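A short write-up of the structure that comes next.
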Amino acid sequence: MRVRTVTQEPIDFIPQASNDWCQLFLVTVITPIYGGGVEAGCFDADMPIRAASIRGQLRFWWRLLQKHKSSEAPLSDKQLFQRERDLWGGMNEKDQDYSSKIKVRVANVKNKHEGSDINPSSYALFPLRETGSEKTDNRTGDKFPLIREGIQFDLTIQCPVEYKEAVWEALRWWASFGGIGARTRRGLGALEISVKQGEETDLMLPVTSEEASEYSCKLAMGKTGQKDAVAAWKSAIEKLQHFRSGEKIAPSSWSESHAIRGITKRDSKRHSPKPEMLHYFPRAALGLPIIFEFKDSQDPQKTELTPKDYDRLASPVIVKAMYIEKNSYRPIALRLPVAHLQSLDLVLTDISTDEKASLKTLARSGDNGWWPSPEQLQKIAKKYPDFPITANNGEDAISAFLNYFRKK
């Protein structure tokens, strides 16, 4: 396999063809960065912002926009693969190497300060735990540095002029919903991007709710704007935490614990049985795996819910701070396209010992499906008015969360 050397050349080194579009941007990172280096989860002090990572982010958003634009006939997988390979680079079936037509350069990185006094919840930094007053990595136990917000750098993007519009839109979506480093779906490394023209800068317009809908996405905004991006980010994370955990809602109102007790036939008898909920795992739609732990010895052992045939399922919901205009930020939640959930099967596993035992495979739909049907939700709503989905007028956990997000 060919190994490509990562470089970070000055902007002056970009050769520009006569038919190329080339634009300079000023990028400001408005929330702390987790990771960002060559090694996952680690900060590279010499190269905190990597052009290759930015190209990968732009490629993700380009692919989403190409695949889901409602006003155009959907592309087949083969057509999408060919377009992506021709523009972003890759290999074909004959091992022919296609170079990327997108040139990305990073320069003038400023304010790259390690360390942050921010202590976000585990919903933002799942791989981390608190040990005393130090943040440490669950995997290595090493002290973990959050990279302080405020990093700025110049970003130059160059491509053939016929691709300008598609690349520009990918950049806008990355600016609005993406970020730098890891855990960007939980708001780390959020961005503010301005177009540079000489000494002048114009803030790039953020993506609107109407535009998001054109690409099978849904955008929800919190009611209150903030002058501080970190405050808006914390607000977004708290909304997700309260909804998923049941905090400030009703901890026992979700159905998963009842379903696990029914599957394992273990019950401490301290909880009233809810037979209408014995099959449902609605929070699986918000990302997997989920680990369930019970306190009483008569209750089920430690269990894990995963997607069948996979270790994890990335959350289709992004929560973060998004700039609205200069010095104005809103907590936002974006639901990405979710058609893949229609055929998703789950596996519940006992992980209380080294010899993991599969307890049950759950189909997406049907009489015992993990996703409640509209008819089943109606029955639950009549008997359990605090059930978070129906209490927030949702059709599923995702739509209910977006409605909850808008109200708070």
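Convention: chains lettered A, B, ... in structure tokens order; per-chain residue numbering from 1; ligands numbered from 1 as shown.
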
In range 260-312 of chain A, DSSP strand (DSSP E) residues written as JSON, numbers by chain: {"A": [290, 291, 292, 303, 304, 305, 306, 307]}

Distance query Ile180 in chain A at most 9 Å, only C-alpha atoms, self and fewer than 5 positions along chain excluded, as number ranges by chain: A: 29, 33-36, 49-50, 53-54, 57, 188-191

Saved selection, atoms kept: N, CA and C atoms, as an mmCIF file, in the first residue's frame:
```cif
data_model
loop_
_atom_site.group_PDB
_atom_site.id
_atom_site.type_symbol
_atom_site.label_atom_id
_atom_site.label_comp_id
_atom_site.auth_asym_id
_atom_site.auth_seq_id
_atom_site.Cartn_x
_atom_site.Cartn_y
_atom_site.Cartn_z
ATOM 1 N N VAL A 29 -11.845 28.353 15.591
ATOM 2 C CA VAL A 29 -12.420 27.222 16.326
ATOM 3 C C VAL A 29 -13.066 27.779 17.583
ATOM 4 N N ILE A 33 -11.120 21.570 21.288
ATOM 5 C CA ILE A 33 -10.827 20.471 20.375
ATOM 6 C C ILE A 33 -10.434 19.232 21.166
ATOM 7 N N TYR A 34 -10.978 18.090 20.768
ATOM 8 C CA TYR A 34 -10.572 16.796 21.316
ATOM 9 C C TYR A 34 -9.743 16.101 20.236
ATOM 10 N N GLY A 35 -8.469 15.869 20.496
ATOM 11 C CA GLY A 35 -7.628 15.195 19.512
ATOM 12 C C GLY A 35 -7.249 16.139 18.392
ATOM 13 N N GLY A 36 -7.271 15.610 17.166
ATOM 14 C CA GLY A 36 -6.917 16.405 16.006
ATOM 15 C C GLY A 36 -5.597 16.032 15.379
ATOM 16 N N ILE A 49 -3.752 21.457 13.312
ATOM 17 C CA ILE A 49 -4.780 21.502 12.276
ATOM 18 C C ILE A 49 -4.206 20.845 11.028
ATOM 19 N N ARG A 50 -4.799 19.739 10.593
ATOM 20 C CA ARG A 50 -4.261 18.973 9.482
ATOM 21 C C ARG A 50 -5.132 19.150 8.234
ATOM 22 N N SER A 53 -7.219 16.088 7.317
ATOM 23 C CA SER A 53 -8.446 15.912 8.107
ATOM 24 C C SER A 53 -9.557 16.814 7.589
ATOM 25 N N ILE A 54 -9.199 18.037 7.237
ATOM 26 C CA ILE A 54 -10.203 18.965 6.699
ATOM 27 C C ILE A 54 -10.745 18.445 5.377
ATOM 28 N N GLN A 57 -13.269 15.830 6.122
ATOM 29 C CA GLN A 57 -14.533 16.395 6.574
ATOM 30 C C GLN A 57 -15.338 16.950 5.392
ATOM 31 N N LEU A 188 -17.617 19.270 19.798
ATOM 32 C CA LEU A 188 -16.214 19.636 19.976
ATOM 33 C C LEU A 188 -15.668 20.216 18.670
ATOM 34 N N GLY A 189 -14.761 21.143 18.780
ATOM 35 C CA GLY A 189 -14.083 21.687 17.612
ATOM 36 C C GLY A 189 -14.979 22.411 16.635
ATOM 37 N N ALA A 190 -16.058 23.040 17.121
ATOM 38 C CA ALA A 190 -16.977 23.765 16.234
ATOM 39 C C ALA A 190 -16.282 24.982 15.615
ATOM 40 N N LEU A 191 -16.816 25.447 14.485
ATOM 41 C CA LEU A 191 -16.123 26.426 13.663
ATOM 42 C C LEU A 191 -16.942 27.671 13.376
#
```

Option closest in space to Trp370 in chain A, from A:Ala259, A:Thr264, A:Asp309, A:Tyr323 [counting only C-alpha atoms]: A:Ala259

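Comparing the minimum interatomic distances between Lys408 in chain A and each of A:Thr224, A:Ser99, A:Ser343, A:Gln23, counting only C-alpha atoms, we find that A:Thr224 sits nearest.
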
DSSP-assigned helix (DSSP H, G or I) among range 265-407 of chain A, expressed as a ChimeraX atom specification: /A:275-277,282-286,339-343,374-383,388-391,397-407

For Trp62 in chain A: contacts at 9 Å, only C-alpha atoms, fewer than 2 positions along chain excluded, given as a list of chain:residue names: A:Gln57, A:Leu58, A:Arg59, A:Phe60, A:Leu64, A:Leu65, A:Gln66, A:Lys67, A:Glu84, A:Ala166, A:Val167, A:Glu169, A:Ala170, A:Leu171, A:Trp173

Output file for the selection above: C-alpha atoms, as a PDB file, in the first residue's frame:
```pdb
ATOM      1  CA  GLN A  57     -14.533  16.395   6.574  1.00  0.00           C
ATOM      2  CA  LEU A  58     -15.370  18.237   3.356  1.00  0.00           C
ATOM      3  CA  ARG A  59     -15.570  14.918   1.549  1.00  0.00           C
ATOM      4  CA  PHE A  60     -18.117  13.606   4.087  1.00  0.00           C
ATOM      5  CA  LEU A  64     -24.140  13.660   2.010  1.00  0.00           C
ATOM      6  CA  LEU A  65     -25.223  16.582  -0.174  1.00  0.00           C
ATOM      7  CA  GLN A  66     -24.719  14.660  -3.404  1.00  0.00           C
ATOM      8  CA  LYS A  67     -26.706  11.677  -2.175  1.00  0.00           C
ATOM      9  CA  GLU A  84     -16.540  10.900  -5.416  1.00  0.00           C
ATOM     10  CA  ALA A 166     -20.418  21.712  -4.812  1.00  0.00           C
ATOM     11  CA  VAL A 167     -17.247  22.351  -2.796  1.00  0.00           C
ATOM     12  CA  GLU A 169     -21.760  24.026  -0.219  1.00  0.00           C
ATOM     13  CA  ALA A 170     -19.746  21.245   1.445  1.00  0.00           C
ATOM     14  CA  LEU A 171     -17.688  23.960   3.160  1.00  0.00           C
ATOM     15  CA  TRP A 173     -22.238  22.519   5.869  1.00  0.00           C
TER      16      TRP A 173
END
```

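With distances restricted to only C-alpha atoms, A:Ala229 is the closest residue to Glu149 in chain A from A:Val317, A:Ala357, A:Ala51, A:Ala229.
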
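What separates CA of Ser268 in chain A from CA of Pro289 in chain A is a distance of 24.9 Å.
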
Contacts of Gly198 in chain A at 12 Å (only C-alpha atoms; same-chain gap of 6+ positions) as JSON, numbers by chain: {"A": [23, 24, 25, 26]}

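CA of Arg148 in chain A sits 8.5 Å away from CA of Asn111 in chain A.
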
Contacts of Ser209 in chain A at 12 Å or less, counting only C-alpha atoms, minus same-chain residues fewer than 2 places along, as a compact mmCIF listing (two decimals) with N, CA and C atoms, in the first residue's frame?
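Saved file result.txt follows:
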```txt
# COMPACT_ATOMS: atom_id res chain seq x y z
N TRP A 173 -21.69 23.53 4.97
CA TRP A 173 -22.24 22.52 5.87
C TRP A 173 -21.21 22.11 6.92
N SER A 176 -21.17 24.88 9.44
CA SER A 176 -22.39 24.93 10.26
C SER A 176 -22.50 23.75 11.22
N PRO A 206 -24.60 30.66 7.55
CA PRO A 206 -24.86 29.30 8.03
C PRO A 206 -26.02 28.65 7.28
N VAL A 207 -26.08 27.34 7.33
CA VAL A 207 -27.15 26.59 6.68
C VAL A 207 -28.45 26.81 7.45
N GLU A 211 -32.90 24.82 4.08
CA GLU A 211 -31.86 24.15 3.31
C GLU A 211 -31.60 22.74 3.82
N ALA A 212 -31.59 22.58 5.14
CA ALA A 212 -31.38 21.25 5.71
C ALA A 212 -32.46 20.28 5.25
N SER A 213 -33.70 20.75 5.18
CA SER A 213 -34.80 19.88 4.77
C SER A 213 -34.64 19.41 3.33
N GLU A 214 -33.99 20.19 2.50
CA GLU A 214 -33.78 19.81 1.11
C GLU A 214 -32.89 18.58 0.97
N TYR A 215 -32.14 18.25 2.04
CA TYR A 215 -31.21 17.14 1.99
C TYR A 215 -31.57 16.05 3.00
N SER A 216 -32.87 15.89 3.27
CA SER A 216 -33.37 14.85 4.18
C SER A 216 -32.84 15.00 5.59
N CYS A 217 -32.54 16.23 5.99
CA CYS A 217 -32.10 16.52 7.36
C CYS A 217 -33.14 17.40 8.05
N LYS A 218 -33.07 17.45 9.36
CA LYS A 218 -33.94 18.34 10.13
C LYS A 218 -33.07 19.11 11.13
N LEU A 219 -33.30 20.42 11.18
CA LEU A 219 -32.53 21.29 12.05
C LEU A 219 -33.43 21.89 13.11
N ALA A 220 -33.03 21.72 14.38
CA ALA A 220 -33.75 22.33 15.50
C ALA A 220 -32.82 23.29 16.21
N MET A 221 -33.35 24.45 16.58
CA MET A 221 -32.56 25.45 17.29
C MET A 221 -33.15 25.72 18.66
N ILE A 332 -27.85 24.09 18.69
CA ILE A 332 -28.61 23.48 17.60
C ILE A 332 -28.48 21.96 17.65
N ALA A 333 -29.48 21.29 17.08
CA ALA A 333 -29.45 19.84 16.90
C ALA A 333 -29.81 19.56 15.45
N LEU A 334 -28.97 18.82 14.76
CA LEU A 334 -29.22 18.46 13.37
C LEU A 334 -29.41 16.95 13.28
N ARG A 335 -30.55 16.54 12.71
CA ARG A 335 -30.77 15.13 12.43
C ARG A 335 -30.35 14.84 11.00
```
